[in-house]
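**Student:** See data38.txt below, with compact mmCIF, N, CA and C atoms.
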```txt
# COMPACT_ATOMS: atom_id res chain seq x y z
N MET A 67 -18.79 -11.77 58.64
CA MET A 67 -19.46 -12.93 59.23
C MET A 67 -18.42 -14.04 59.38
N PRO A 68 -18.28 -14.57 60.57
CA PRO A 68 -17.31 -15.65 60.77
C PRO A 68 -17.65 -16.85 59.89
N PHE A 69 -16.61 -17.56 59.48
CA PHE A 69 -16.76 -18.69 58.57
C PHE A 69 -17.72 -19.75 59.11
N GLU A 70 -17.61 -20.11 60.37
CA GLU A 70 -18.47 -21.16 60.94
C GLU A 70 -19.94 -20.78 60.89
N LEU A 71 -20.25 -19.52 61.17
CA LEU A 71 -21.63 -19.05 61.12
C LEU A 71 -22.14 -19.10 59.68
N LEU A 72 -21.33 -18.65 58.76
CA LEU A 72 -21.69 -18.70 57.34
C LEU A 72 -21.94 -20.14 56.91
N LYS A 73 -21.08 -21.03 57.34
CA LYS A 73 -21.21 -22.45 57.01
C LYS A 73 -22.53 -23.00 57.55
N LYS A 74 -22.88 -22.68 58.80
CA LYS A 74 -24.13 -23.15 59.40
C LYS A 74 -25.34 -22.60 58.65
N VAL A 75 -25.29 -21.34 58.27
CA VAL A 75 -26.40 -20.72 57.54
C VAL A 75 -26.58 -21.42 56.20
N MET A 76 -25.50 -21.68 55.50
CA MET A 76 -25.58 -22.34 54.20
C MET A 76 -26.12 -23.77 54.35
N LEU A 77 -25.64 -24.50 55.32
CA LEU A 77 -26.11 -25.87 55.52
C LEU A 77 -27.58 -25.90 55.92
N THR A 78 -28.00 -24.93 56.71
CA THR A 78 -29.41 -24.83 57.08
C THR A 78 -30.26 -24.56 55.84
N GLY A 79 -29.79 -23.65 54.99
CA GLY A 79 -30.51 -23.34 53.75
C GLY A 79 -30.64 -24.56 52.86
N ILE A 80 -29.58 -25.34 52.75
CA ILE A 80 -29.62 -26.56 51.94
C ILE A 80 -30.61 -27.54 52.54
N GLY A 81 -30.56 -27.70 53.85
CA GLY A 81 -31.49 -28.61 54.52
C GLY A 81 -32.93 -28.20 54.32
N LEU A 82 -33.20 -26.91 54.42
CA LEU A 82 -34.56 -26.42 54.22
C LEU A 82 -35.02 -26.62 52.78
N ALA A 83 -34.11 -26.48 51.84
CA ALA A 83 -34.46 -26.64 50.43
C ALA A 83 -34.87 -28.07 50.12
N LEU A 84 -34.39 -29.02 50.91
CA LEU A 84 -34.71 -30.42 50.68
C LEU A 84 -36.01 -30.87 51.34
N LYS A 85 -36.60 -30.01 52.13
CA LYS A 85 -37.86 -30.34 52.80
C LYS A 85 -39.02 -30.24 51.81
N SER A 86 -40.07 -31.00 52.08
CA SER A 86 -41.26 -30.91 51.24
C SER A 86 -42.06 -29.68 51.66
N GLN A 87 -43.03 -29.31 50.84
CA GLN A 87 -43.84 -28.13 51.15
C GLN A 87 -44.62 -28.33 52.44
N SER A 88 -45.17 -29.51 52.65
CA SER A 88 -45.95 -29.74 53.88
C SER A 88 -45.04 -29.69 55.10
N GLU A 89 -43.80 -30.17 54.97
CA GLU A 89 -42.84 -30.08 56.08
C GLU A 89 -42.52 -28.62 56.39
N MET A 90 -42.36 -27.82 55.33
CA MET A 90 -42.05 -26.40 55.53
C MET A 90 -43.22 -25.69 56.20
N GLU A 91 -44.44 -25.98 55.76
CA GLU A 91 -45.61 -25.35 56.36
C GLU A 91 -45.74 -25.74 57.84
N SER A 92 -45.52 -27.02 58.14
CA SER A 92 -45.59 -27.47 59.53
C SER A 92 -44.54 -26.77 60.38
N MET A 93 -43.33 -26.67 59.83
CA MET A 93 -42.25 -26.02 60.56
C MET A 93 -42.56 -24.54 60.78
N ALA A 94 -43.10 -23.88 59.75
CA ALA A 94 -43.44 -22.46 59.87
C ALA A 94 -44.54 -22.26 60.91
N LYS A 95 -45.54 -23.15 60.93
CA LYS A 95 -46.62 -23.05 61.92
C LYS A 95 -46.06 -23.23 63.34
N GLU A 96 -45.15 -24.18 63.49
CA GLU A 96 -44.54 -24.41 64.80
C GLU A 96 -43.71 -23.21 65.23
N MET A 97 -42.98 -22.60 64.28
CA MET A 97 -42.19 -21.41 64.60
C MET A 97 -43.10 -20.26 65.01
N ALA A 98 -44.21 -20.11 64.31
CA ALA A 98 -45.17 -19.04 64.63
C ALA A 98 -45.74 -19.25 66.03
N LYS A 99 -46.04 -20.52 66.36
CA LYS A 99 -46.58 -20.84 67.68
C LYS A 99 -45.52 -20.56 68.76
N THR A 100 -44.27 -20.97 68.50
CA THR A 100 -43.19 -20.75 69.45
C THR A 100 -42.93 -19.26 69.67
N ALA A 101 -43.03 -18.49 68.61
CA ALA A 101 -42.80 -17.04 68.70
C ALA A 101 -44.02 -16.32 69.27
N ARG A 102 -45.08 -17.09 69.51
CA ARG A 102 -46.33 -16.54 70.06
C ARG A 102 -46.89 -15.40 69.21
N LEU A 103 -46.92 -15.65 67.92
CA LEU A 103 -47.51 -14.67 67.01
C LEU A 103 -49.02 -14.76 67.09
N GLY A 104 -49.69 -13.67 66.84
CA GLY A 104 -51.14 -13.67 66.79
C GLY A 104 -51.60 -14.48 65.58
N GLU A 105 -52.90 -14.77 65.53
CA GLU A 105 -53.41 -15.61 64.44
C GLU A 105 -53.14 -14.99 63.07
N ALA A 106 -53.40 -13.70 62.92
CA ALA A 106 -53.18 -13.02 61.64
C ALA A 106 -51.70 -12.99 61.29
N GLU A 107 -50.86 -12.66 62.28
CA GLU A 107 -49.42 -12.63 62.04
C GLU A 107 -48.90 -14.01 61.69
N GLY A 108 -49.40 -15.02 62.40
CA GLY A 108 -48.98 -16.40 62.15
C GLY A 108 -49.34 -16.85 60.74
N LYS A 109 -50.57 -16.53 60.31
CA LYS A 109 -51.00 -16.90 58.95
C LYS A 109 -50.16 -16.19 57.90
N LYS A 110 -49.87 -14.91 58.16
CA LYS A 110 -49.04 -14.14 57.21
C LYS A 110 -47.63 -14.74 57.16
N PHE A 111 -47.08 -15.09 58.31
CA PHE A 111 -45.75 -15.68 58.37
C PHE A 111 -45.70 -16.98 57.58
N VAL A 112 -46.70 -17.86 57.78
CA VAL A 112 -46.76 -19.14 57.07
C VAL A 112 -46.91 -18.90 55.57
N ALA A 113 -47.76 -17.94 55.20
CA ALA A 113 -47.96 -17.63 53.78
C ALA A 113 -46.67 -17.11 53.15
N ASP A 114 -45.95 -16.23 53.87
CA ASP A 114 -44.68 -15.69 53.36
C ASP A 114 -43.65 -16.80 53.19
N ILE A 115 -43.55 -17.68 54.18
CA ILE A 115 -42.60 -18.79 54.10
C ILE A 115 -42.94 -19.70 52.93
N THR A 116 -44.22 -20.00 52.76
CA THR A 116 -44.67 -20.87 51.66
C THR A 116 -44.35 -20.23 50.32
N LYS A 117 -44.59 -18.92 50.20
CA LYS A 117 -44.31 -18.21 48.95
C LYS A 117 -42.81 -18.24 48.65
N GLN A 118 -41.99 -17.98 49.66
CA GLN A 118 -40.54 -18.01 49.46
C GLN A 118 -40.06 -19.43 49.12
N TYR A 119 -40.67 -20.43 49.76
CA TYR A 119 -40.32 -21.82 49.47
C TYR A 119 -40.62 -22.15 48.01
N ASP A 120 -41.82 -21.76 47.54
CA ASP A 120 -42.20 -22.03 46.15
C ASP A 120 -41.24 -21.37 45.17
N LYS A 121 -40.87 -20.12 45.45
CA LYS A 121 -39.94 -19.40 44.57
C LYS A 121 -38.57 -20.07 44.57
N ALA A 122 -38.08 -20.44 45.75
CA ALA A 122 -36.77 -21.09 45.85
C ALA A 122 -36.79 -22.43 45.13
N LYS A 123 -37.88 -23.16 45.25
CA LYS A 123 -38.00 -24.46 44.59
C LYS A 123 -37.97 -24.29 43.07
N LYS A 124 -38.71 -23.32 42.55
CA LYS A 124 -38.72 -23.07 41.10
C LYS A 124 -37.34 -22.64 40.61
N ASP A 125 -36.69 -21.77 41.38
CA ASP A 125 -35.34 -21.33 41.02
C ASP A 125 -34.38 -22.52 40.98
N MET A 126 -34.48 -23.40 41.99
CA MET A 126 -33.60 -24.55 42.05
C MET A 126 -33.86 -25.49 40.87
N GLU A 127 -35.14 -25.72 40.55
CA GLU A 127 -35.48 -26.57 39.41
C GLU A 127 -34.93 -26.00 38.11
N THR A 128 -35.03 -24.68 37.95
CA THR A 128 -34.51 -24.03 36.75
C THR A 128 -33.00 -24.22 36.65
N LYS A 129 -32.30 -24.04 37.77
CA LYS A 129 -30.85 -24.21 37.77
C LYS A 129 -30.46 -25.65 37.48
N ILE A 130 -31.21 -26.59 38.03
CA ILE A 130 -30.92 -28.01 37.79
C ILE A 130 -31.13 -28.34 36.32
N ARG A 131 -32.25 -27.86 35.76
CA ARG A 131 -32.52 -28.13 34.33
C ARG A 131 -31.42 -27.52 33.45
N LYS A 132 -31.00 -26.31 33.77
CA LYS A 132 -29.94 -25.66 33.00
C LYS A 132 -28.63 -26.45 33.14
N GLY A 133 -28.33 -26.89 34.34
CA GLY A 133 -27.12 -27.67 34.57
C GLY A 133 -27.13 -28.97 33.78
N ILE A 134 -28.27 -29.64 33.76
CA ILE A 134 -28.39 -30.88 32.99
C ILE A 134 -28.25 -30.61 31.50
N ALA A 135 -28.91 -29.55 31.03
CA ALA A 135 -28.83 -29.21 29.60
C ALA A 135 -27.38 -28.87 29.22
N ASP A 136 -26.69 -28.11 30.07
CA ASP A 136 -25.30 -27.78 29.80
C ASP A 136 -24.43 -29.03 29.77
N TYR A 137 -24.67 -29.94 30.72
CA TYR A 137 -23.91 -31.18 30.76
C TYR A 137 -24.16 -32.01 29.52
N MET A 138 -25.43 -32.14 29.13
CA MET A 138 -25.78 -32.93 27.94
C MET A 138 -25.11 -32.35 26.70
N SER A 139 -25.08 -31.04 26.62
CA SER A 139 -24.47 -30.38 25.47
C SER A 139 -22.96 -30.63 25.45
N GLU A 140 -22.33 -30.46 26.60
CA GLU A 140 -20.88 -30.65 26.69
C GLU A 140 -20.48 -32.11 26.50
N ALA A 141 -21.32 -33.03 26.97
CA ALA A 141 -21.01 -34.45 26.87
C ALA A 141 -21.33 -35.00 25.49
N ASP A 142 -21.92 -34.15 24.63
CA ASP A 142 -22.27 -34.52 23.28
C ASP A 142 -23.23 -35.72 23.26
N ILE A 143 -24.24 -35.66 24.12
CA ILE A 143 -25.27 -36.69 24.21
C ILE A 143 -26.50 -36.19 23.47
N ALA A 144 -27.06 -37.03 22.63
CA ALA A 144 -28.23 -36.65 21.84
C ALA A 144 -29.43 -36.43 22.75
N SER A 145 -30.20 -35.42 22.42
CA SER A 145 -31.42 -35.13 23.18
C SER A 145 -32.56 -36.00 22.65
N LYS A 146 -33.65 -36.05 23.40
CA LYS A 146 -34.83 -36.80 23.00
C LYS A 146 -35.37 -36.26 21.67
N LYS A 147 -35.33 -34.95 21.53
CA LYS A 147 -35.81 -34.30 20.31
C LYS A 147 -34.96 -34.75 19.11
N GLU A 148 -33.65 -34.78 19.31
CA GLU A 148 -32.75 -35.21 18.22
C GLU A 148 -32.97 -36.68 17.87
N LEU A 149 -33.17 -37.52 18.90
CA LEU A 149 -33.41 -38.95 18.65
C LEU A 149 -34.72 -39.16 17.90
N ASN A 150 -35.76 -38.41 18.27
CA ASN A 150 -37.04 -38.52 17.58
C ASN A 150 -36.92 -38.09 16.12
N ALA A 151 -36.14 -37.05 15.87
CA ALA A 151 -35.93 -36.60 14.49
C ALA A 151 -35.22 -37.68 13.68
N LEU A 152 -34.24 -38.34 14.29
CA LEU A 152 -33.53 -39.44 13.60
C LEU A 152 -34.47 -40.61 13.33
N LYS A 153 -35.34 -40.94 14.27
CA LYS A 153 -36.30 -42.02 14.08
C LYS A 153 -37.22 -41.72 12.90
N GLN A 154 -37.68 -40.47 12.83
CA GLN A 154 -38.56 -40.08 11.73
C GLN A 154 -37.82 -40.17 10.39
N GLU A 155 -36.58 -39.74 10.38
CA GLU A 155 -35.79 -39.80 9.15
C GLU A 155 -35.57 -41.26 8.72
N ILE A 156 -35.29 -42.13 9.67
CA ILE A 156 -35.09 -43.55 9.36
C ILE A 156 -36.38 -44.15 8.81
N ALA A 157 -37.51 -43.79 9.43
CA ALA A 157 -38.80 -44.29 8.95
C ALA A 157 -39.05 -43.84 7.52
N LYS A 158 -38.74 -42.59 7.20
CA LYS A 158 -38.91 -42.09 5.83
C LYS A 158 -38.01 -42.83 4.86
N LEU A 159 -36.76 -43.08 5.26
CA LEU A 159 -35.81 -43.79 4.40
C LEU A 159 -36.29 -45.23 4.15
N LYS A 160 -36.80 -45.88 5.18
CA LYS A 160 -37.32 -47.25 5.02
C LYS A 160 -38.50 -47.27 4.06
N LYS A 161 -39.36 -46.28 4.19
CA LYS A 161 -40.53 -46.18 3.34
C LYS A 161 -40.11 -45.96 1.88
N ALA A 162 -39.14 -45.06 1.68
CA ALA A 162 -38.66 -44.75 0.33
C ALA A 162 -37.96 -45.97 -0.27
N ARG A 163 -37.31 -46.74 0.53
CA ARG A 163 -36.56 -47.93 0.05
C ARG A 163 -37.53 -49.02 -0.43
N LYS A 164 -38.69 -49.11 0.20
CA LYS A 164 -39.67 -50.14 -0.15
C LYS A 164 -40.35 -49.84 -1.49
N LYS A 165 -40.32 -48.58 -1.93
CA LYS A 165 -41.00 -48.20 -3.18
C LYS A 165 -40.30 -48.69 -4.38
```
Take the structure in this file and express it as structure tokens.

**Tutor:**
Amino acid sequence: MPFELLKKVMLTGIGLALKSQSEMESMAKEMAKTARLGEAEGKKFVADITKQYDKAKKDMETKIRKGIADYMSEADIASKKELNALKQEIAKLKKARKK
């Protein structure tokens, strides 16, 4: 596959990933109409596109969460869970000190 074609395909994929679900459904309906698909074929096409969009969105969210978690770990930044544990420990120490 020539580099320019590969580049265009990748950029199109990125652009599509940034669209909202309603935008994707509208675009799929328009594509079905342009391709002159029958009603059943058009509905199936829109459903398939929506299903693939949902899966791609979940996959992207998972990768983003993993990337953030990896960054937080490498940057040695305390997590919310760790901060809450420290707050609880401080509260216990304050309570014990007052006795």

**Student:** In Å, with one decimal, what is the gap from atom C of Glu155 of chain A to atom C of Ile143 of chain A?

**Tutor:**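 Interatomic distance here is 18.0 Å.
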
**Student:** Find the residues near segment 94-101 of chain A: any atom within 8 Å, counting only N, CA and C atoms, skip ones fewer than 4 places away on the same chain, and give them as a PyMOL selection string.

**Tutor:** chain A and resi 88-90+107-109+111-113+115-116

**Student:** What are the centre and the three edge lengths of an axis-aligned box that wraps all atoms of segment 127-142 of chain A in the file, given that 5 Å is added to every side, written as JSON and rounded to one decimal in Å?

**Tutor:**
```
{"center_x": -28.0, "center_y": -29.9, "center_z": 31.9, "size_x": 25.0, "size_y": 21.7, "size_z": 27.3}
```

**Student:** To one decimal place, how far is atom C of Lys132 of chain A from atom CA of Lys147 of chain A in Å?

**Tutor:**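 Separation between atom C of Lys132 of chain A and atom CA of Lys147 of chain A: 16.7 Å.
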
**Student:** Please measure the separation of atom CA of Ser145 of chain A and atom CA of Met126 of chain A, giving the value in Å to one decimal.

**Tutor:**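 These two atoms are separated by 21.7 Å.
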
**Student:** Please identify the helix (DSSP H, G or I) residues within chain A (assignment by DSSP from backbone atoms) and present them as a PyMOL selection string.

**Tutor:** chain A and resi 69-83+87-100+105-140+146-164

**Student:** Between A:Ala162, A:Leu152, A:Met93, A:Leu82, which one has atoms that come closest to Asp120 of chain A, using only C-alpha atoms?

**Tutor:**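 Result for the nearest residue to Asp120 of chain A: A:Leu82.
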